[in-house]
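One structure is given here, and the rest of the page talks about it.
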Amino acid sequence: MPQLNPAPWFAILAFSWLIFLTIIPQKVLSHNFNNEPAPQSAQKPATQAWDWPWH
């Protein structure tokens with residue numbers, strides 16, 4: 001049964017984890033966002049009660 005032979009699949013597994021652990025984290029960590037979030041003010045906006053017109 002060829003699927004029980006681990007020789008080619010172990011090498012594929014090892015090389016794929018080598019790529020995942022060396023190349024991909026560098027690309028993810030070097031990513032920068034286009035729009036930085038602006039700091040919000042600490043004051044809450046004043047809200048007004050809404051009068052229902054059918055009362």
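By order in the structure tokens, chains are A, B, ...; within a chain, residues start at 1; ligands start at 1, following the order shown.
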>> Considering only alpha helix (DSSP H) as DSSP defines it on the backbone, what residues of chain A qualify? List them as a count of residues only.
In response: 22
